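This is data.cif (mmCIF, C-alpha atoms).
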```cif
data_protein
loop_
_atom_site.label_atom_id
_atom_site.label_comp_id
_atom_site.auth_asym_id
_atom_site.auth_seq_id
_atom_site.Cartn_x
_atom_site.Cartn_y
_atom_site.Cartn_z
CA MET S 19 -66.26 -46.40 -3.65
CA LYS S 20 -62.66 -47.16 -4.61
CA GLY S 21 -59.65 -45.32 -3.15
CA ASP S 22 -59.00 -43.72 -6.55
CA ASP S 23 -62.54 -42.27 -6.54
CA VAL S 24 -61.80 -40.37 -3.32
CA GLN S 25 -58.52 -39.06 -4.71
CA VAL S 26 -60.13 -37.67 -7.86
CA SER S 27 -62.94 -35.95 -5.96
CA ASP S 28 -60.53 -34.55 -3.35
CA ARG S 29 -58.19 -33.28 -6.05
CA LEU S 30 -61.13 -31.77 -7.90
CA VAL S 31 -62.29 -29.76 -4.90
CA ALA S 32 -58.78 -28.40 -4.31
CA PHE S 33 -58.36 -27.59 -8.01
CA LEU S 34 -61.63 -25.66 -8.53
CA PRO S 35 -60.09 -22.14 -8.28
CA ASN S 36 -57.53 -22.95 -11.01
CA LEU S 37 -60.17 -24.54 -13.20
CA ARG S 38 -62.48 -21.55 -12.81
CA ARG S 39 -59.68 -19.09 -13.60
CA PHE S 40 -58.86 -20.97 -16.80
CA ALA S 41 -62.55 -21.14 -17.75
CA ILE S 42 -62.96 -17.38 -17.26
CA SER S 43 -59.90 -16.74 -19.42
CA LEU S 44 -61.36 -18.87 -22.19
CA CYS S 45 -64.91 -17.56 -22.26
CA ARG S 46 -64.62 -14.15 -20.54
CA SER S 47 -67.93 -14.66 -18.76
CA ARG S 48 -68.09 -15.65 -15.12
CA ASP S 49 -71.52 -17.23 -15.47
CA LEU S 50 -70.50 -19.30 -18.47
CA ALA S 51 -67.20 -20.17 -16.77
CA ASP S 52 -69.11 -21.51 -13.78
CA ASP S 53 -71.24 -23.64 -16.11
CA LEU S 54 -68.14 -24.95 -17.87
CA VAL S 55 -66.44 -25.78 -14.56
CA GLN S 56 -69.54 -27.62 -13.37
CA ALA S 57 -69.73 -29.60 -16.63
CA ALA S 58 -66.00 -30.38 -16.42
CA CYS S 59 -66.39 -31.63 -12.85
CA GLU S 60 -69.34 -33.80 -13.85
CA ARG S 61 -67.40 -35.23 -16.77
CA ALA S 62 -64.31 -35.87 -14.63
CA LEU S 63 -66.29 -37.62 -11.89
CA ALA S 64 -68.22 -39.72 -14.42
CA GLY S 65 -65.01 -40.71 -16.20
CA GLN S 66 -62.60 -40.82 -13.27
CA GLU S 67 -61.49 -44.32 -14.24
CA ARG S 68 -59.86 -42.71 -17.29
CA PHE S 69 -57.53 -40.65 -15.12
CA GLU S 70 -54.16 -42.35 -15.05
CA PRO S 71 -52.51 -42.24 -11.62
CA GLY S 72 -49.03 -40.75 -11.84
CA THR S 73 -50.04 -38.20 -14.49
CA ARG S 74 -50.83 -34.54 -13.87
CA PHE S 75 -54.37 -34.08 -12.66
CA ASP S 76 -54.39 -30.40 -13.63
CA ALA S 77 -53.47 -31.16 -17.25
CA TRP S 78 -56.25 -33.76 -17.40
CA MET S 79 -58.82 -31.28 -16.05
CA PHE S 80 -57.64 -28.45 -18.31
CA ARG S 81 -58.07 -30.72 -21.32
CA ILE S 82 -61.61 -31.69 -20.25
CA LEU S 83 -62.52 -28.02 -19.72
CA ARG S 84 -60.97 -26.91 -23.01
CA ASN S 85 -62.80 -29.63 -24.93
CA LEU S 86 -66.08 -28.52 -23.33
CA TRP S 87 -65.30 -24.93 -24.31
CA ILE S 88 -64.62 -25.94 -27.93
CA ASP S 89 -67.91 -27.85 -28.00
CA HIS S 90 -69.72 -24.81 -26.60
CA VAL S 91 -68.18 -22.46 -29.18
CA ARG S 92 -69.25 -24.78 -31.99
CA ARG S 93 -72.83 -24.89 -30.66
CA ALA S 94 -72.93 -21.14 -29.95
CA LYS S 95 -72.07 -20.08 -33.50
CA THR S 96 -75.80 -19.94 -34.23
CA ALA S 97 -76.92 -18.86 -30.73
CA GLY S 98 -75.86 -15.19 -30.86
CA PRO S 99 -73.70 -12.97 -28.60
CA THR S 100 -72.71 -13.71 -25.01
CA GLU S 101 -72.13 -11.43 -22.03
CA ASP S 102 -68.79 -9.61 -22.05
CA ILE S 103 -66.85 -9.64 -18.77
CA THR S 104 -65.62 -6.08 -19.40
CA GLU S 105 -69.22 -4.87 -19.01
CA SER S 106 -69.32 -6.09 -15.40
CA HIS S 107 -69.27 -3.12 -13.04
CA ASP S 108 -69.85 -5.02 -9.80
CA ILE S 109 -66.18 -5.82 -9.12
CA ALA S 110 -65.48 -5.46 -5.41
CA GLY S 111 -62.81 -3.05 -4.20
CA ASP S 112 -62.19 0.23 -2.44
CA THR S 113 -62.42 3.50 -4.28
CA GLY S 114 -59.42 5.74 -4.57
CA GLU S 115 -56.49 6.61 -6.75
CA ARG S 116 -54.46 3.48 -6.06
CA GLU S 117 -57.35 1.15 -6.80
CA ALA S 118 -58.25 3.10 -9.94
CA GLU S 119 -54.67 2.87 -11.19
CA ALA S 120 -54.57 -0.84 -10.45
CA ARG S 121 -57.82 -1.36 -12.33
CA LEU S 122 -56.51 0.58 -15.33
CA THR S 123 -53.34 -1.48 -15.37
CA LEU S 124 -55.31 -4.69 -15.03
CA LYS S 125 -57.68 -3.59 -17.78
CA SER S 126 -54.84 -2.76 -20.16
CA VAL S 127 -53.15 -6.11 -19.53
CA ALA S 128 -56.47 -7.95 -19.93
CA GLU S 129 -57.10 -6.10 -23.20
CA ALA S 130 -53.61 -6.97 -24.41
CA ILE S 131 -54.19 -10.62 -23.55
CA ASP S 132 -57.60 -10.49 -25.27
CA GLU S 133 -55.93 -9.15 -28.41
CA LEU S 134 -53.70 -12.21 -28.63
CA PRO S 135 -54.78 -14.92 -31.05
CA ASP S 136 -56.61 -17.74 -29.26
CA GLU S 137 -53.76 -20.21 -29.71
CA HIS S 138 -51.24 -17.76 -28.22
CA ARG S 139 -53.53 -16.84 -25.31
CA GLU S 140 -54.17 -20.51 -24.44
CA VAL S 141 -50.45 -21.32 -24.33
CA LEU S 142 -49.66 -18.18 -22.31
CA LEU S 143 -52.30 -18.99 -19.70
CA LEU S 144 -51.40 -22.66 -19.39
CA VAL S 145 -47.66 -22.06 -19.07
CA CYS S 146 -47.45 -18.70 -17.29
CA VAL S 147 -50.60 -18.68 -15.16
CA GLU S 148 -51.34 -22.36 -14.57
CA ASP S 149 -47.64 -23.30 -14.38
CA LEU S 150 -47.79 -26.26 -16.76
CA SER S 151 -44.54 -27.35 -18.37
CA TYR S 152 -44.15 -26.94 -22.12
CA LYS S 153 -44.65 -30.69 -22.49
CA GLU S 154 -47.82 -30.68 -20.39
CA ALA S 155 -49.24 -27.70 -22.28
CA ALA S 156 -48.45 -29.48 -25.55
CA GLU S 157 -50.37 -32.53 -24.31
CA VAL S 158 -53.37 -30.45 -23.18
CA LEU S 159 -53.53 -28.64 -26.53
CA ALA S 160 -52.55 -31.70 -28.61
CA ILE S 161 -49.74 -29.83 -30.39
CA PRO S 162 -45.96 -30.35 -30.65
CA ILE S 163 -43.79 -28.89 -27.87
CA GLY S 164 -41.98 -26.69 -30.40
CA THR S 165 -45.31 -25.11 -31.32
CA VAL S 166 -45.94 -24.37 -27.63
CA MET S 167 -42.54 -22.68 -27.40
CA SER S 168 -43.00 -20.54 -30.52
CA ARG S 169 -46.57 -19.53 -29.60
CA LEU S 170 -45.45 -18.57 -26.10
CA ALA S 171 -42.54 -16.51 -27.45
CA ARG S 172 -44.89 -14.66 -29.83
CA ALA S 173 -47.45 -14.11 -27.06
CA ARG S 174 -44.82 -12.65 -24.72
CA LYS S 175 -43.42 -10.41 -27.45
CA ASN S 176 -46.88 -9.12 -28.38
CA LEU S 177 -47.77 -8.47 -24.72
CA ALA S 178 -44.52 -6.59 -24.14
CA GLU S 179 -45.18 -4.43 -27.19
CA ALA S 180 -48.80 -3.78 -26.15
CA ALA S 181 -47.65 -2.83 -22.63
CA GLY S 182 -44.91 -0.57 -23.96
CA ILE S 183 -42.08 -2.66 -22.56
CA ASN S 184 -38.96 -2.34 -24.65
CA PRO S 185 -36.42 -5.12 -24.29
CA ALA S 186 -33.05 -4.04 -22.98
CA VAL S 187 -30.46 -3.65 -25.71
CA ASP S 188 -28.11 -6.10 -24.01
CA ARG S 189 -29.61 -8.19 -21.21
CA SER S 190 -26.70 -10.59 -20.93
CA PRO S 191 -23.35 -9.62 -19.44
CA ALA S 192 -20.69 -8.53 -21.90
CA LYS S 193 -18.59 -11.36 -23.17
CA GLY S 194 -15.01 -11.49 -21.95
CA ARG S 195 -15.57 -9.34 -18.85
CA ASN S 196 -14.72 -10.71 -15.44
CA PRO S 197 -17.47 -10.39 -12.82
#
```
Kindly transcribe the structure held in the file into structure tokens.
Amino acid sequence: MKGDDVQVSDRLVAFLPNLRRFAISLCRSRDLADDLVQAACERALAGQERFEPGTRFDAWMFRILRNLWIDHVRRAKTAGPTEDITESHDIAGDTGEREAEARLTLKSVAEAIDELPDEHREVLLLVCVEDLSYKEAAEVLAIPIGTVMSRLARARKNLAEAAGINPAVDRSPAKGRNP
């Protein structure tokens, strides 16, 4: 086994939580997300010689996972409906007012994110949740960086509106005033 082989497998193990989170956000099913993550890991290990040292491992894995998801969606068009994550009632947590309020907030944000068009949701998750740069997100999605920026701006605006957040009239300090 080469030294690069160990690096890819070690990186993969450490990166599994991020990969699973992105998979769940794409398919909204934990079981399907686990299957996608497993397939992505298999594909990455089988093709680890294609990973270029010095590039971002996370962007490479996100691209593999996203391509698997696109393939799955294409195959599933004739397969029928899938399980919806919002129907899952076995989420762990204490009962009580605080937890109920947190769940309602989380549900409303999740619904607002679900309402975003797919291309806006993907950019939002890659940049804001997975902390990819605009350039890296553009590479993962195979789109221009300007498209990443405009999709992200629209996604943020739509989320703010859905959450009832009104932008401040004047967020920047008044011009000409001394601090």
Matched chain/residue IDs from the PyMOL selection byres ((chain S and resi 130) around 10), as a PDB file with C-alpha atoms, in the frame of the given file:
```
ATOM      1  CA  LEU S 124     -55.310  -4.690 -15.030  1.00  0.00           C
ATOM      2  CA  LYS S 125     -57.680  -3.590 -17.780  1.00  0.00           C
ATOM      3  CA  SER S 126     -54.840  -2.760 -20.160  1.00  0.00           C
ATOM      4  CA  VAL S 127     -53.150  -6.110 -19.530  1.00  0.00           C
ATOM      5  CA  ALA S 128     -56.470  -7.950 -19.930  1.00  0.00           C
ATOM      6  CA  GLU S 129     -57.100  -6.100 -23.200  1.00  0.00           C
ATOM      7  CA  ILE S 131     -54.190 -10.620 -23.550  1.00  0.00           C
ATOM      8  CA  ASP S 132     -57.600 -10.490 -25.270  1.00  0.00           C
ATOM      9  CA  GLU S 133     -55.930  -9.150 -28.410  1.00  0.00           C
ATOM     10  CA  LEU S 134     -53.700 -12.210 -28.630  1.00  0.00           C
ATOM     11  CA  ARG S 139     -53.530 -16.840 -25.310  1.00  0.00           C
ATOM     12  CA  ALA S 173     -47.450 -14.110 -27.060  1.00  0.00           C
ATOM     13  CA  ASN S 176     -46.880  -9.120 -28.380  1.00  0.00           C
ATOM     14  CA  LEU S 177     -47.770  -8.470 -24.720  1.00  0.00           C
ATOM     15  CA  ALA S 178     -44.520  -6.590 -24.140  1.00  0.00           C
ATOM     16  CA  GLU S 179     -45.180  -4.430 -27.190  1.00  0.00           C
ATOM     17  CA  ALA S 180     -48.800  -3.780 -26.150  1.00  0.00           C
ATOM     18  CA  ALA S 181     -47.650  -2.830 -22.630  1.00  0.00           C
TER      19      ALA S 181
END
```
- Message: If we count all atoms listed in the file and set the cut-off at 8 Å, which residues sit around Ala58 of chain S, ignoring sequence neighbours fewer than 3 positions away in its own chain? Please answer as a PyMOL selection string.
- Response: chain S and resi 54-55+61-62+79+82-83+86
- Query: Quick one: residues within 10 Å of Glu137 of chain S, only C-alpha atoms counted, chain neighbours fewer than 6 positions away excluded, as number ranges by chain?
  - Reply: S: 159, 165-166, 169-170, 173
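One distance worth recording is that between atom CA of Cys59 of chain S and atom CA of Leu142 of chain S, which is 23.5 Å.
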- Task: Would you kindly return, as an NGL selection string, each protein, DNA or RNA residue with an atom no farther than 9 Å from any atom of segment 70-76 of chain S, considering all atoms listed in the file and excluding same-chain residues fewer than 2 positions away?
- Result: :S and (22 or 26 or 29-30 or 33 or 36-37 or 66-68 or 78-81 or 148 or 150 or 154)
- Return the single residue from S:Ala155, S:Leu50, S:Leu122, S:Met167 that is closest to Arg38 of chain S, with distances computed using all atoms listed in the file.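 Closest candidate: S:Leu50.
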Would you mind writing segment 156-177 of chain S with N, CA, C and O atoms, as a PDB file, in the coordinates of the input?
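Output file result27.pdb follows:
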```pdb
ATOM      1  N   ALA S 156     -48.363 -28.855 -24.232  1.00  0.00           N
ATOM      2  CA  ALA S 156     -48.450 -29.480 -25.550  1.00  0.00           C
ATOM      3  C   ALA S 156     -49.443 -30.640 -25.520  1.00  0.00           C
ATOM      4  O   ALA S 156     -50.231 -30.812 -26.462  1.00  0.00           O
ATOM      5  N   GLU S 157     -49.433 -31.407 -24.440  1.00  0.00           N
ATOM      6  CA  GLU S 157     -50.370 -32.530 -24.310  1.00  0.00           C
ATOM      7  C   GLU S 157     -51.806 -32.036 -24.167  1.00  0.00           C
ATOM      8  O   GLU S 157     -52.722 -32.584 -24.775  1.00  0.00           O
ATOM      9  N   VAL S 158     -52.025 -30.989 -23.364  1.00  0.00           N
ATOM     10  CA  VAL S 158     -53.370 -30.450 -23.180  1.00  0.00           C
ATOM     11  C   VAL S 158     -53.921 -29.944 -24.511  1.00  0.00           C
ATOM     12  O   VAL S 158     -55.080 -30.176 -24.859  1.00  0.00           O
ATOM     13  N   LEU S 159     -53.086 -29.253 -25.278  1.00  0.00           N
ATOM     14  CA  LEU S 159     -53.530 -28.640 -26.530  1.00  0.00           C
ATOM     15  C   LEU S 159     -53.386 -29.570 -27.738  1.00  0.00           C
ATOM     16  O   LEU S 159     -53.799 -29.208 -28.837  1.00  0.00           O
ATOM     17  N   ALA S 160     -52.769 -30.720 -27.540  1.00  0.00           N
ATOM     18  CA  ALA S 160     -52.550 -31.700 -28.610  1.00  0.00           C
ATOM     19  C   ALA S 160     -51.746 -31.091 -29.761  1.00  0.00           C
ATOM     20  O   ALA S 160     -52.119 -31.184 -30.929  1.00  0.00           O
ATOM     21  N   ILE S 161     -50.635 -30.437 -29.400  1.00  0.00           N
ATOM     22  CA  ILE S 161     -49.740 -29.830 -30.390  1.00  0.00           C
ATOM     23  C   ILE S 161     -48.296 -30.190 -30.019  1.00  0.00           C
ATOM     24  O   ILE S 161     -48.035 -30.552 -28.875  1.00  0.00           O
ATOM     25  N   PRO S 162     -47.370 -30.060 -30.969  1.00  0.00           N
ATOM     26  CA  PRO S 162     -45.960 -30.350 -30.650  1.00  0.00           C
ATOM     27  C   PRO S 162     -45.407 -29.330 -29.640  1.00  0.00           C
ATOM     28  O   PRO S 162     -45.834 -28.178 -29.589  1.00  0.00           O
ATOM     29  N   ILE S 163     -44.403 -29.761 -28.880  1.00  0.00           N
ATOM     30  CA  ILE S 163     -43.790 -28.890 -27.870  1.00  0.00           C
ATOM     31  C   ILE S 163     -43.138 -27.678 -28.514  1.00  0.00           C
ATOM     32  O   ILE S 163     -43.154 -26.582 -27.960  1.00  0.00           O
ATOM     33  N   GLY S 164     -42.579 -27.827 -29.697  1.00  0.00           N
ATOM     34  CA  GLY S 164     -41.980 -26.690 -30.400  1.00  0.00           C
ATOM     35  C   GLY S 164     -43.014 -25.629 -30.733  1.00  0.00           C
ATOM     36  O   GLY S 164     -42.721 -24.434 -30.707  1.00  0.00           O
ATOM     37  N   THR S 165     -44.224 -26.059 -31.040  1.00  0.00           N
ATOM     38  CA  THR S 165     -45.310 -25.110 -31.320  1.00  0.00           C
ATOM     39  C   THR S 165     -45.678 -24.355 -30.060  1.00  0.00           C
ATOM     40  O   THR S 165     -45.940 -23.148 -30.105  1.00  0.00           O
ATOM     41  N   VAL S 166     -45.674 -25.033 -28.918  1.00  0.00           N
ATOM     42  CA  VAL S 166     -45.940 -24.370 -27.630  1.00  0.00           C
ATOM     43  C   VAL S 166     -44.893 -23.281 -27.417  1.00  0.00           C
ATOM     44  O   VAL S 166     -45.217 -22.143 -27.059  1.00  0.00           O
ATOM     45  N   MET S 167     -43.628 -23.631 -27.636  1.00  0.00           N
ATOM     46  CA  MET S 167     -42.540 -22.680 -27.400  1.00  0.00           C
ATOM     47  C   MET S 167     -42.649 -21.463 -28.321  1.00  0.00           C
ATOM     48  O   MET S 167     -42.492 -20.321 -27.871  1.00  0.00           O
ATOM     49  N   SER S 168     -42.927 -21.676 -29.595  1.00  0.00           N
ATOM     50  CA  SER S 168     -43.000 -20.540 -30.520  1.00  0.00           C
ATOM     51  C   SER S 168     -44.225 -19.678 -30.239  1.00  0.00           C
ATOM     52  O   SER S 168     -44.155 -18.448 -30.292  1.00  0.00           O
ATOM     53  N   ARG S 169     -45.364 -20.306 -29.912  1.00  0.00           N
ATOM     54  CA  ARG S 169     -46.570 -19.530 -29.600  1.00  0.00           C
ATOM     55  C   ARG S 169     -46.367 -18.711 -28.325  1.00  0.00           C
ATOM     56  O   ARG S 169     -46.803 -17.561 -28.241  1.00  0.00           O
ATOM     57  N   LEU S 170     -45.706 -19.293 -27.343  1.00  0.00           N
ATOM     58  CA  LEU S 170     -45.450 -18.570 -26.100  1.00  0.00           C
ATOM     59  C   LEU S 170     -44.512 -17.391 -26.339  1.00  0.00           C
ATOM     60  O   LEU S 170     -44.730 -16.298 -25.816  1.00  0.00           O
ATOM     61  N   ALA S 171     -43.474 -17.600 -27.142  1.00  0.00           N
ATOM     62  CA  ALA S 171     -42.540 -16.510 -27.450  1.00  0.00           C
ATOM     63  C   ALA S 171     -43.269 -15.369 -28.157  1.00  0.00           C
ATOM     64  O   ALA S 171     -43.067 -14.191 -27.827  1.00  0.00           O
ATOM     65  N   ARG S 172     -44.129 -15.708 -29.113  1.00  0.00           N
ATOM     66  CA  ARG S 172     -44.890 -14.660 -29.830  1.00  0.00           C
ATOM     67  C   ARG S 172     -45.858 -13.954 -28.886  1.00  0.00           C
ATOM     68  O   ARG S 172     -46.019 -12.734 -28.949  1.00  0.00           O
ATOM     69  N   ALA S 173     -46.502 -14.716 -28.010  1.00  0.00           N
ATOM     70  CA  ALA S 173     -47.450 -14.110 -27.060  1.00  0.00           C
ATOM     71  C   ALA S 173     -46.734 -13.139 -26.140  1.00  0.00           C
ATOM     72  O   ALA S 173     -47.201 -12.021 -25.914  1.00  0.00           O
ATOM     73  N   ARG S 174     -45.585 -13.533 -25.610  1.00  0.00           N
ATOM     74  CA  ARG S 174     -44.820 -12.650 -24.720  1.00  0.00           C
ATOM     75  C   ARG S 174     -44.355 -11.401 -25.447  1.00  0.00           C
ATOM     76  O   ARG S 174     -44.416 -10.289 -24.905  1.00  0.00           O
ATOM     77  N   LYS S 175     -43.888 -11.565 -26.662  1.00  0.00           N
ATOM     78  CA  LYS S 175     -43.420 -10.410 -27.450  1.00  0.00           C
ATOM     79  C   LYS S 175     -44.574  -9.446 -27.713  1.00  0.00           C
ATOM     80  O   LYS S 175     -44.427  -8.235 -27.532  1.00  0.00           O
ATOM     81  N   ASN S 176     -45.726  -9.974 -28.104  1.00  0.00           N
ATOM     82  CA  ASN S 176     -46.880  -9.120 -28.380  1.00  0.00           C
ATOM     83  C   ASN S 176     -47.381  -8.417 -27.120  1.00  0.00           C
ATOM     84  O   ASN S 176     -47.769  -7.248 -27.177  1.00  0.00           O
ATOM     85  N   LEU S 177     -47.354  -9.111 -25.979  1.00  0.00           N
ATOM     86  CA  LEU S 177     -47.770  -8.470 -24.720  1.00  0.00           C
ATOM     87  C   LEU S 177     -46.808  -7.364 -24.321  1.00  0.00           C
ATOM     88  O   LEU S 177     -47.229  -6.302 -23.868  1.00  0.00           O
TER      89      LEU S 177
END
```
